[in-house]
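Coordinates from data.pdb are shown below (PDB, C-alpha atoms).
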```
ATOM      1  CA  MET A 889     -57.322 155.333  27.739
ATOM      2  CA  ASN A 890     -56.205 158.696  26.440
ATOM      3  CA  LYS A 891     -54.645 161.360  28.637
ATOM      4  CA  ASN A 892     -57.805 163.464  29.113
ATOM      5  CA  THR A 893     -59.863 160.434  30.146
ATOM      6  CA  LYS A 894     -57.249 159.489  32.751
ATOM      7  CA  ILE A 895     -57.232 163.027  34.121
ATOM      8  CA  TRP A 896     -61.021 163.096  34.489
ATOM      9  CA  LEU A 897     -61.092 159.630  36.063
ATOM     10  CA  ASN A 898     -58.401 160.632  38.558
ATOM     11  CA  TYR A 899     -60.340 163.728  39.605
ATOM     12  CA  LEU A 900     -63.642 161.831  39.713
ATOM     13  CA  ILE A 901     -62.332 158.978  41.869
ATOM     14  CA  GLY A 902     -60.189 161.245  44.027
ATOM     15  CA  GLY A 903     -63.011 163.723  44.542
ATOM     16  CA  THR A 904     -65.479 160.960  45.420
ATOM     17  CA  LEU A 905     -63.108 159.401  47.956
ATOM     18  CA  SER A 906     -62.403 162.824  49.402
ATOM     19  CA  ALA A 907     -66.113 163.665  49.791
ATOM     20  CA  LEU A 908     -66.947 160.299  51.365
ATOM     21  CA  MET A 909     -64.127 160.527  53.887
ATOM     22  CA  LEU A 910     -64.930 164.129  54.806
ATOM     23  CA  TRP A 911     -68.575 163.199  55.353
ATOM     24  CA  GLY A 912     -67.614 160.185  57.463
ATOM     25  CA  ILE A 913     -65.304 162.280  59.620
ATOM     26  CA  TYR A 914     -67.968 164.964  60.107
ATOM     27  CA  VAL A 915     -70.680 162.472  61.092
ATOM     28  CA  GLN A 916     -68.399 160.661  63.521
ATOM     29  CA  VAL A 917     -67.184 163.852  65.200
ATOM     30  CA  MET A 918     -70.743 165.130  65.713
ATOM     31  CA  LYS A 919     -71.886 161.776  67.112
ATOM     32  CA  GLN A 920     -69.050 161.673  69.609
ATOM     33  CA  ILE A 921     -69.577 165.279  70.729
ATOM     34  CA  ASP A 922     -73.221 164.386  71.415
ATOM     35  CA  LYS A 923     -72.161 161.344  73.448
ATOM     36  CA  VAL A 924     -69.958 163.482  75.671
ATOM     37  CA  GLY A 925     -73.076 165.300  76.815
ATOM     38  CA  ALA A 926     -71.783 168.853  76.658
ATOM     39  CA  ASN A 927     -72.014 171.525  74.008
ATOM     40  CA  PRO A 928     -68.859 173.140  72.581
ATOM     41  CA  SER A 929     -69.311 176.367  74.577
ATOM     42  CA  GLU A 930     -69.335 174.375  77.823
ATOM     43  CA  LEU A 931     -66.215 172.495  76.813
ATOM     44  CA  PHE A 932     -64.222 175.628  76.008
ATOM     45  CA  ALA A 933     -65.281 177.171  79.308
ATOM     46  CA  THR A 934     -64.120 174.250  81.401
ATOM     47  CA  GLY A 935     -60.464 174.698  82.352
ATOM     48  CA  HIS A 936     -57.262 176.538  81.590
ATOM     49  CA  ASN A 937     -57.240 176.953  77.817
ATOM     50  CA  ILE A 938     -53.437 177.029  77.791
ATOM     51  CA  PHE A 939     -53.577 173.212  77.973
ATOM     52  CA  LEU A 940     -55.701 173.102  74.827
ATOM     53  CA  ILE A 941     -53.510 175.619  73.012
ATOM     54  CA  VAL A 942     -50.311 173.687  73.765
ATOM     55  CA  CYS A 943     -52.004 170.450  72.679
ATOM     56  CA  ILE A 944     -52.964 171.964  69.309
ATOM     57  CA  LEU A 945     -49.498 173.483  68.835
ATOM     58  CA  LEU A 946     -47.973 170.023  69.271
ATOM     59  CA  LEU A 947     -49.962 168.691  66.289
ATOM     60  CA  PRO A 948     -47.639 170.064  63.549
ATOM     61  CA  VAL A 949     -44.636 168.787  65.531
ATOM     62  CA  ASN A 950     -46.220 165.349  65.628
ATOM     63  CA  LEU A 951     -46.968 165.412  61.898
ATOM     64  CA  ALA A 952     -43.495 166.688  61.016
ATOM     65  CA  LEU A 953     -41.810 163.910  62.997
ATOM     66  CA  GLU A 954     -43.827 161.116  61.377
ATOM     67  CA  ALA A 955     -43.246 162.661  57.942
ATOM     68  CA  LYS A 956     -39.508 162.715  58.691
ATOM     69  CA  LYS A 957     -39.589 159.049  59.652
ATOM     70  CA  TRP A 958     -41.471 158.188  56.463
ATOM     71  CA  HIS A 959     -38.981 160.263  54.476
ATOM     72  CA  LEU A 960     -36.073 158.264  55.922
ATOM     73  CA  LEU A 961     -37.828 154.996  55.109
ATOM     74  CA  ALA A 962     -39.214 155.749  51.647
ATOM     75  CA  ASN A 963     -36.069 157.532  50.491
ATOM     76  CA  SER A 964     -34.200 154.224  50.681
ATOM     77  CA  ALA A 965     -36.605 152.765  48.106
ATOM     78  CA  GLN A 966     -36.968 155.787  45.816
ATOM     79  CA  LYS A 967     -35.648 159.305  45.944
ATOM     80  CA  LEU A 968     -38.215 161.835  47.128
ATOM     81  CA  SER A 969     -38.285 165.180  48.862
ATOM     82  CA  TYR A 970     -39.461 165.798  52.413
ATOM     83  CA  LYS A 971     -42.444 167.683  50.963
ATOM     84  CA  ASP A 972     -43.511 164.628  48.944
ATOM     85  CA  ALA A 973     -43.059 162.428  52.006
ATOM     86  CA  PHE A 974     -45.194 164.807  54.087
ATOM     87  CA  THR A 975     -48.079 164.963  51.582
ATOM     88  CA  SER A 976     -47.899 161.200  51.106
ATOM     89  CA  TYR A 977     -48.146 160.711  54.871
ATOM     90  CA  ILE A 978     -51.133 163.065  55.173
ATOM     91  CA  ALA A 979     -52.918 161.255  52.332
ATOM     92  CA  GLY A 980     -52.259 157.972  54.126
ATOM     93  CA  ILE A 981     -54.093 159.245  57.218
ATOM     94  CA  ALA A 982     -57.218 159.718  55.092
ATOM     95  CA  PHE A 983     -57.001 156.097  53.904
ATOM     96  CA  ALA A 984     -56.536 155.007  57.505
ATOM     97  CA  THR A 985     -59.987 156.311  58.405
ATOM     98  CA  VAL A 986     -61.731 153.576  56.391
ATOM     99  CA  THR A 987     -59.586 150.557  57.260
ATOM    100  CA  PRO A 988     -59.434 148.337  60.384
ATOM    101  CA  ASN A 989     -56.847 149.508  62.920
ATOM    102  CA  ARG A 990     -55.595 152.064  60.347
ATOM    103  CA  LEU A 991     -53.988 149.336  58.251
ATOM    104  CA  GLY A 992     -54.649 151.413  55.132
ATOM    105  CA  GLU A 993     -52.305 154.190  56.212
ATOM    106  CA  TYR A 994     -49.120 152.850  54.624
ATOM    107  CA  PRO A 995     -50.851 151.587  51.432
ATOM    108  CA  GLY A 996     -52.418 155.049  51.179
ATOM    109  CA  ARG A 997     -49.003 156.667  51.405
ATOM    110  CA  ILE A 998     -47.653 154.382  48.676
ATOM    111  CA  LEU A 999     -50.634 154.974  46.365
ATOM    112  CA  TYR A1000     -50.099 158.710  46.616
ATOM    113  CA  LEU A1001     -46.486 158.343  45.503
ATOM    114  CA  LYS A1002     -45.364 157.277  42.058
ATOM    115  CA  ARG A1003     -46.209 153.678  41.295
ATOM    116  CA  LYS A1004     -42.643 152.493  40.909
ATOM    117  CA  ASN A1005     -40.713 150.504  43.514
ATOM    118  CA  THR A1006     -44.008 149.470  45.130
ATOM    119  CA  VAL A1007     -42.586 146.266  46.619
ATOM    120  CA  ARG A1008     -39.647 148.150  48.087
ATOM    121  CA  LEU A1009     -41.928 150.797  49.569
ATOM    122  CA  ILE A1010     -44.072 148.064  51.120
ATOM    123  CA  SER A1011     -40.925 146.534  52.562
ATOM    124  CA  VAL A1012     -39.726 149.687  54.311
ATOM    125  CA  SER A1013     -43.300 150.384  55.419
ATOM    126  CA  ILE A1014     -43.157 147.157  57.415
ATOM    127  CA  LEU A1015     -40.078 148.459  59.208
ATOM    128  CA  GLY A1016     -41.805 151.756  60.045
ATOM    129  CA  ALA A1017     -44.982 150.026  61.232
ATOM    130  CA  THR A1018     -42.946 147.611  63.357
ATOM    131  CA  ALA A1019     -41.112 150.520  64.988
ATOM    132  CA  GLN A1020     -44.430 152.175  65.861
ATOM    133  CA  ILE A1021     -46.011 148.974  67.174
ATOM    134  CA  LEU A1022     -42.889 148.166  69.196
ATOM    135  CA  THR A1023     -43.046 151.621  70.764
ATOM    136  CA  LEU A1024     -46.710 151.149  71.655
ATOM    137  CA  PHE A1025     -46.038 147.785  73.274
ATOM    138  CA  ILE A1026     -42.953 148.937  75.203
ATOM    139  CA  CYS A1027     -44.715 151.980  76.636
ATOM    140  CA  GLY A1028     -47.988 150.101  77.013
ATOM    141  CA  PHE A1029     -46.230 147.353  78.965
ATOM    142  CA  LEU A1030     -44.654 149.926  81.291
ATOM    143  CA  GLY A1031     -48.105 151.447  81.769
ATOM    144  CA  LEU A1032     -49.582 148.010  82.480
ATOM    145  CA  LEU A1033     -46.810 147.260  84.962
ATOM    146  CA  TYR A1034     -47.522 150.499  86.830
ATOM    147  CA  TYR A1035     -51.264 149.842  86.639
ATOM    148  CA  ASN A1036     -50.767 146.475  88.354
ATOM    149  CA  LEU A1037     -48.708 148.091  91.089
ATOM    150  CA  VAL A1038     -51.384 150.633  92.035
ATOM    151  CA  ILE A1039     -54.641 148.899  91.034
ATOM    152  CA  ASP A1040     -55.879 145.487  92.137
ATOM    153  CA  ASP A1041     -57.222 144.274  88.811
ATOM    154  CA  THR A1042     -57.322 140.591  87.826
ATOM    155  CA  LEU A1043     -57.449 141.317  84.102
ATOM    156  CA  GLY A1044     -54.377 143.519  84.373
ATOM    157  CA  ARG A1045     -52.379 140.754  86.062
ATOM    158  CA  VAL A1046     -53.472 138.199  83.463
ATOM    159  CA  LEU A1047     -52.363 140.438  80.574
ATOM    160  CA  LEU A1048     -48.950 141.222  82.049
ATOM    161  CA  LEU A1049     -47.097 138.094  80.849
ATOM    162  CA  PRO A1050     -48.607 137.999  77.316
ATOM    163  CA  ALA A1051     -47.807 141.705  76.903
ATOM    164  CA  LEU A1052     -44.184 141.089  77.923
ATOM    165  CA  VAL A1053     -43.835 138.134  75.521
ATOM    166  CA  VAL A1054     -45.260 140.081  72.565
ATOM    167  CA  THR A1055     -43.023 143.064  73.357
ATOM    168  CA  ILE A1056     -39.913 140.858  73.357
ATOM    169  CA  ILE A1057     -40.954 139.214  70.056
ATOM    170  CA  LEU A1058     -41.512 142.608  68.436
ATOM    171  CA  PHE A1059     -38.159 143.839  69.736
ATOM    172  CA  ILE A1060     -36.378 140.883  68.149
ATOM    173  CA  ALA A1061     -38.408 141.227  64.944
ATOM    174  CA  TYR A1062     -37.430 144.871  64.586
ATOM    175  CA  TRP A1063     -33.700 144.389  65.012
ATOM    176  CA  LYS A1064     -33.187 140.895  63.597
ATOM    177  CA  PHE A1065     -35.950 140.356  61.065
ATOM    178  CA  GLU A1066     -33.524 139.764  58.203
ATOM    179  CA  THR A1067     -32.197 136.634  59.952
ATOM    180  CA  TRP A1068     -35.677 135.080  59.693
ATOM    181  CA  ILE A1069     -35.760 135.370  55.893
ATOM    182  CA  PRO A1070     -34.089 131.990  55.169
ATOM    183  CA  LEU A1071     -36.677 130.248  57.359
ATOM    184  CA  ILE A1072     -39.613 132.032  55.712
ATOM    185  CA  GLU A1073     -38.303 131.294  52.224
ATOM    186  CA  ARG A1074     -38.684 127.560  52.879
ATOM    187  CA  PHE A1075     -42.442 127.984  52.509
ATOM    188  CA  ASN A1076     -43.380 127.680  48.850
ATOM    189  CA  ILE A1077     -45.574 130.780  48.853
ATOM    190  CA  SER A1078     -44.797 133.428  46.252
ATOM    191  CA  TRP A1079     -45.758 136.490  48.276
ATOM    192  CA  LEU A1080     -43.704 135.306  51.260
ATOM    193  CA  LYS A1081     -40.664 135.113  49.020
ATOM    194  CA  ARG A1082     -41.011 138.843  48.466
ATOM    195  CA  LEU A1083     -39.957 139.310  52.065
ATOM    196  CA  ASN A1084     -36.480 138.600  50.776
ATOM    197  CA  VAL A1085     -36.580 142.105  49.329
ATOM    198  CA  TYR A1086     -37.435 143.379  52.809
ATOM    199  CA  GLY A1087     -34.420 141.589  54.235
ATOM    200  CA  LYS A1088     -32.121 143.135  51.637
ATOM    201  CA  LEU A1089     -33.561 146.597  52.247
ATOM    202  CA  LEU A1090     -33.104 146.247  55.975
ATOM    203  CA  LYS A1091     -29.415 145.710  55.366
ATOM    204  CA  ARG A1092     -29.341 149.167  53.820
ATOM    205  CA  PHE A1093     -30.291 150.593  57.220
ATOM    206  CA  THR A1094     -27.451 150.842  59.715
ATOM    207  CA  PHE A1095     -27.997 150.248  63.426
ATOM    208  CA  ARG A1096     -27.890 154.010  63.926
ATOM    209  CA  GLU A1097     -30.578 154.583  61.266
ATOM    210  CA  GLN A1098     -32.871 151.968  62.771
ATOM    211  CA  LEU A1099     -32.265 153.505  66.181
ATOM    212  CA  THR A1100     -33.197 156.908  64.733
ATOM    213  CA  ILE A1101     -36.441 155.518  63.297
ATOM    214  CA  LEU A1102     -37.327 153.905  66.619
ATOM    215  CA  GLY A1103     -36.327 157.082  68.445
ATOM    216  CA  ILE A1104     -38.694 159.173  66.306
ATOM    217  CA  SER A1105     -41.499 156.709  67.071
ATOM    218  CA  ILE A1106     -40.817 157.011  70.807
ATOM    219  CA  LEU A1107     -40.654 160.809  70.578
ATOM    220  CA  ARG A1108     -44.008 160.854  68.755
ATOM    221  CA  PHE A1109     -45.485 158.620  71.431
ATOM    222  CA  SER A1110     -44.252 161.037  74.094
ATOM    223  CA  ILE A1111     -45.861 163.950  72.259
ATOM    224  CA  TYR A1112     -49.336 162.488  71.897
ATOM    225  CA  THR A1113     -49.151 161.147  75.466
ATOM    226  CA  ALA A1114     -48.457 164.710  76.580
ATOM    227  CA  GLN A1115     -51.313 165.949  74.378
ATOM    228  CA  TYR A1116     -53.727 163.508  75.989
ATOM    229  CA  LEU A1117     -52.598 164.510  79.466
ATOM    230  CA  PHE A1118     -52.947 168.211  78.604
ATOM    231  CA  LEU A1119     -56.522 167.607  77.419
ATOM    232  CA  ILE A1120     -57.302 165.652  80.570
ATOM    233  CA  TYR A1121     -56.101 168.561  82.693
ATOM    234  CA  TRP A1122     -57.978 170.990  80.446
ATOM    235  CA  MET A1123     -61.158 169.048  81.224
ATOM    236  CA  ASN A1124     -60.425 169.297  84.972
ATOM    237  CA  VAL A1125     -59.916 165.552  85.401
ATOM    238  CA  GLU A1126     -58.038 165.257  88.668
ATOM    239  CA  VAL A1127     -55.180 162.791  88.265
ATOM    240  CA  SER A1128     -51.567 163.035  89.388
ATOM    241  CA  LEU A1129     -48.813 163.505  86.803
ATOM    242  CA  ILE A1130     -47.344 160.014  87.350
ATOM    243  CA  ASP A1131     -50.737 158.280  87.331
ATOM    244  CA  GLY A1132     -51.734 160.234  84.262
ATOM    245  CA  LEU A1133     -48.582 159.496  82.260
ATOM    246  CA  PHE A1134     -48.576 155.754  82.877
ATOM    247  CA  THR A1135     -52.332 155.446  82.358
ATOM    248  CA  CYS A1136     -52.103 157.362  79.068
ATOM    249  CA  ALA A1137     -49.292 155.019  77.985
ATOM    250  CA  LEU A1138     -51.430 151.993  78.845
ATOM    251  CA  PHE A1139     -54.410 153.541  77.051
ATOM    252  CA  PHE A1140     -52.500 153.876  73.769
ATOM    253  CA  GLY A1141     -51.130 150.369  74.143
ATOM    254  CA  VAL A1142     -54.610 148.914  74.607
ATOM    255  CA  VAL A1143     -56.323 150.801  71.756
ATOM    256  CA  SER A1144     -53.527 149.768  69.385
ATOM    257  CA  VAL A1145     -54.550 146.109  69.670
ATOM    258  CA  VAL A1146     -58.339 146.515  69.835
ATOM    259  CA  PRO A1147     -59.764 145.635  66.382
ATOM    260  CA  SER A1148     -61.729 148.611  65.077
ATOM    261  CA  LEU A1149     -62.420 150.914  62.161
ATOM    262  CA  THR A1150     -60.945 154.355  62.646
ATOM    263  CA  ILE A1151     -64.244 156.043  61.797
ATOM    264  CA  ILE A1152     -66.015 154.123  64.594
ATOM    265  CA  GLU A1153     -63.125 153.550  66.992
ATOM    266  CA  LEU A1154     -64.057 156.403  69.320
ATOM    267  CA  GLY A1155     -66.605 154.110  70.977
ATOM    268  CA  GLU A1156     -63.834 151.679  71.889
ATOM    269  CA  ARG A1157     -61.484 154.507  72.881
ATOM    270  CA  GLY A1158     -64.128 155.983  75.151
ATOM    271  CA  PHE A1159     -64.740 152.623  76.822
ATOM    272  CA  VAL A1160     -61.026 152.006  77.367
ATOM    273  CA  SER A1161     -60.387 155.506  78.729
ATOM    274  CA  LEU A1162     -63.254 155.226  81.206
ATOM    275  CA  TYR A1163     -62.162 151.739  82.311
ATOM    276  CA  LEU A1164     -58.619 152.936  83.032
ATOM    277  CA  PHE A1165     -59.155 156.453  84.388
ATOM    278  CA  GLN A1166     -62.179 155.624  86.537
ATOM    279  CA  HIS A1167     -59.724 154.399  89.187
ATOM    280  CA  PHE A1168     -58.348 157.916  89.520
ATOM    281  CA  SER A1169     -61.290 160.222  88.717
ATOM    282  CA  ASP A1170     -65.095 160.094  88.478
ATOM    283  CA  ASN A1171     -65.208 162.958  85.952
ATOM    284  CA  VAL A1172     -66.776 160.845  83.183
ATOM    285  CA  VAL A1173     -67.582 163.800  80.906
ATOM    286  CA  GLY A1174     -64.047 165.139  81.226
ATOM    287  CA  ILE A1175     -62.435 161.782  80.420
ATOM    288  CA  LEU A1176     -64.634 161.244  77.365
ATOM    289  CA  ALA A1177     -64.197 164.822  76.157
ATOM    290  CA  ALA A1178     -60.397 164.545  76.394
ATOM    291  CA  THR A1179     -60.504 161.300  74.400
ATOM    292  CA  VAL A1180     -62.717 162.822  71.710
ATOM    293  CA  GLY A1181     -60.585 165.977  71.627
ATOM    294  CA  LEU A1182     -57.405 164.003  71.076
ATOM    295  CA  TRP A1183     -59.055 162.046  68.247
ATOM    296  CA  ILE A1184     -60.202 165.252  66.571
ATOM    297  CA  ILE A1185     -56.834 167.009  66.867
ATOM    298  CA  ASN A1186     -54.506 164.155  65.932
ATOM    299  CA  LEU A1187     -56.615 162.229  63.459
ATOM    300  CA  ALA A1188     -59.695 164.094  62.223
ATOM    301  CA  ILE A1189     -57.889 167.336  61.348
ATOM    302  CA  PRO A1190     -55.019 165.639  59.432
ATOM    303  CA  ALA A1191     -57.549 163.271  57.816
ATOM    304  CA  ILE A1192     -59.530 166.262  56.513
ATOM    305  CA  LEU A1193     -56.369 167.670  54.943
ATOM    306  CA  GLY A1194     -55.497 164.227  53.581
ATOM    307  CA  SER A1195     -58.971 163.829  52.129
ATOM    308  CA  VAL A1196     -58.521 167.059  50.195
ATOM    309  CA  LEU A1197     -55.147 165.843  48.902
ATOM    310  CA  LEU A1198     -56.799 162.684  47.551
ATOM    311  CA  ILE A1199     -58.322 164.798  44.793
ATOM    312  CA  ARG A1200     -54.804 165.127  43.347
ATOM    313  CA  MET A1201     -54.017 161.407  43.629
ATOM    314  CA  LYS A1202     -53.232 159.790  40.275
ATOM    315  CA  LEU A1203     -54.614 156.261  40.137
ATOM    316  CA  PHE A1204     -54.414 156.302  36.349
ATOM    317  CA  ARG A1205     -51.144 157.436  34.799
TER     318      ARG A1205
END
```
What would the structure in this file look like if it were written as structure tokens?
Amino acid sequence: MNKNTKIWLNYLIGGTLSALMLWGIYVQVMKQIDKVGANPSELFATGHNIFLIVCILLLPVNLALEAKKWHLLANSAQKLSYKDAFTSYIAGIAFATVTPNRLGEYPGRILYLKRKNTVRLISVSILGATAQILTLFICGFLGLLYYNLVIDDTLGRVLLLPALVVTIILFIAYWKFETWIPLIERFNISWLKRLNVYGKLLKRFTFREQLTILGISILRFSIYTAQYLFLIYWMNVEVSLIDGLFTCALFFGVVSVVPSLTIIELGERGFVSLYLFQHFSDNVVGILAATVGLWIINLAIPAILGSVLLIRMKLFR
């Protein structure tokens, strides 16, 4: 293909993806607002708006932290600026909206970058994803432990041991994954052998760098936990600070393992939030509205920006 054809194809495909994702986000947001059972004017008149304002102000902090983590990871595979890492991350959020459990986020980031060092970028992406999942399981386990102490729930007790086992496995996998490479290489599967690249790249990261990556993941978790709690208080859901923090932590841990598509996951999120918070408050509308609000602020808004950026994505070079 000549240069002009590639340019037009890039804009055509990018524009189509952008339009489809924007439409999907719009439809989903409107559906979920209807399910809450309150119009926007009622929602904004509900509580102290300072909670909402602080929650929104924390969004750019959240985005900047994840972009910094991605910059640290991707920069080990290919040199790029923080700006490129940030736009790549935002574009990845748009891809996440159409894939189960947001699995398309890291591939979306890689597609937005130059198409060199793809295997290496995939390798460091695994490290970043593992850090995030480990954070979710550590905090989720602490939330589950607290939940079992204050709530008599059979399901909660049953899940306690499996959650602990998975958390320990993820902890070992994050810090010692490169020691598993020789065992994996024994399987005569070509794509598994590529994990050897991952092992070599991990050796480029010092203990301090891996600790920094995990620390950023934990800090991000703390931020969107605080955002959720602020929205809950904004919706006048009466729950103590301790109950709220641990229940929010458990909520994020649960929704991270529930299979779903991002564009339809609000149904699952709403169910989980009601199941957990109903033990502390009967304000159903407030709980659902806080859940929808968090989804809109932390995912829908960045996904809209990412969808616009997809127009500039170069699939054909």
Could you pull out every residue with an atom within 10 Å of (-62.0, 163.7, 83.6), file coordinates, counting only C-alpha atoms, and send them as a VMD selection string? chain A and resid 1119 to 1127 1161 to 1162 1165 to 1166 1168 to 1179
Name the residues that the PyMOL selection byres ((chain A and resi 974) around 8) picks from the file above, as an NGL selection string, using the file's chain letters and numbers. :A and (952 or 955-956 or 958-959 or 970-973 or 975-978)
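The coordinates place atom CA of A:Leu1052 at 12.1 Å from atom CA of A:Leu1024.
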For the structure shown, which residues end up in the PyMOL selection byres ((chain A and resi 1025) around 12)? Put them as number ranges by chain, please? A: 1018-1024, 1026-1033, 1048, 1050-1059, 1105-1106, 1109, 1137-1145
Could you please determine the separation between atom CA of A:Arg997 and atom CA of A:Gly980 in Å, to one decimal place? 4.4 Å
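Of note, atom CA of A:Leu1164 and atom CA of A:Gly1181 are spaced 17.4 Å apart.
The residue that comes closest to A:Gly996, out of A:Phe1134, A:Phe983, A:Tyr1112, A:Tyr1163 and on the basis of all atoms listed in the file, is A:Phe983.
Residue nearest A:Asn1186, chosen from A:Thr1042, A:Asn950, A:Asn937, A:Thr1135 and counting all atoms listed in the file: A:Asn950.
Considering the residues A:Ala982, A:Ala1188, A:Leu1182, A:His1167 and counting only C-alpha atoms, A:Asp1041 has its shortest atom-to-atom contact with A:His1167.
Take the candidates A:Ile1130, A:Cys1136, A:Leu1043, A:Ser1011 and check each one against A:Ile1111 using all atoms listed in the file; the shortest distance goes to A:Cys1136.
Omitting A:Ala962 and its sequence neighbours fewer than 6 positions away, and counting only C-alpha atoms, the residues within 10 Å are Lys956, Leu968, Ser969, Ala973, Arg997, Ile998, Leu1001, Asn1005, Arg1008, Leu1009, Ile1010, Ser1011, Val1012, Ser1013 and Gly1016 of chain A.
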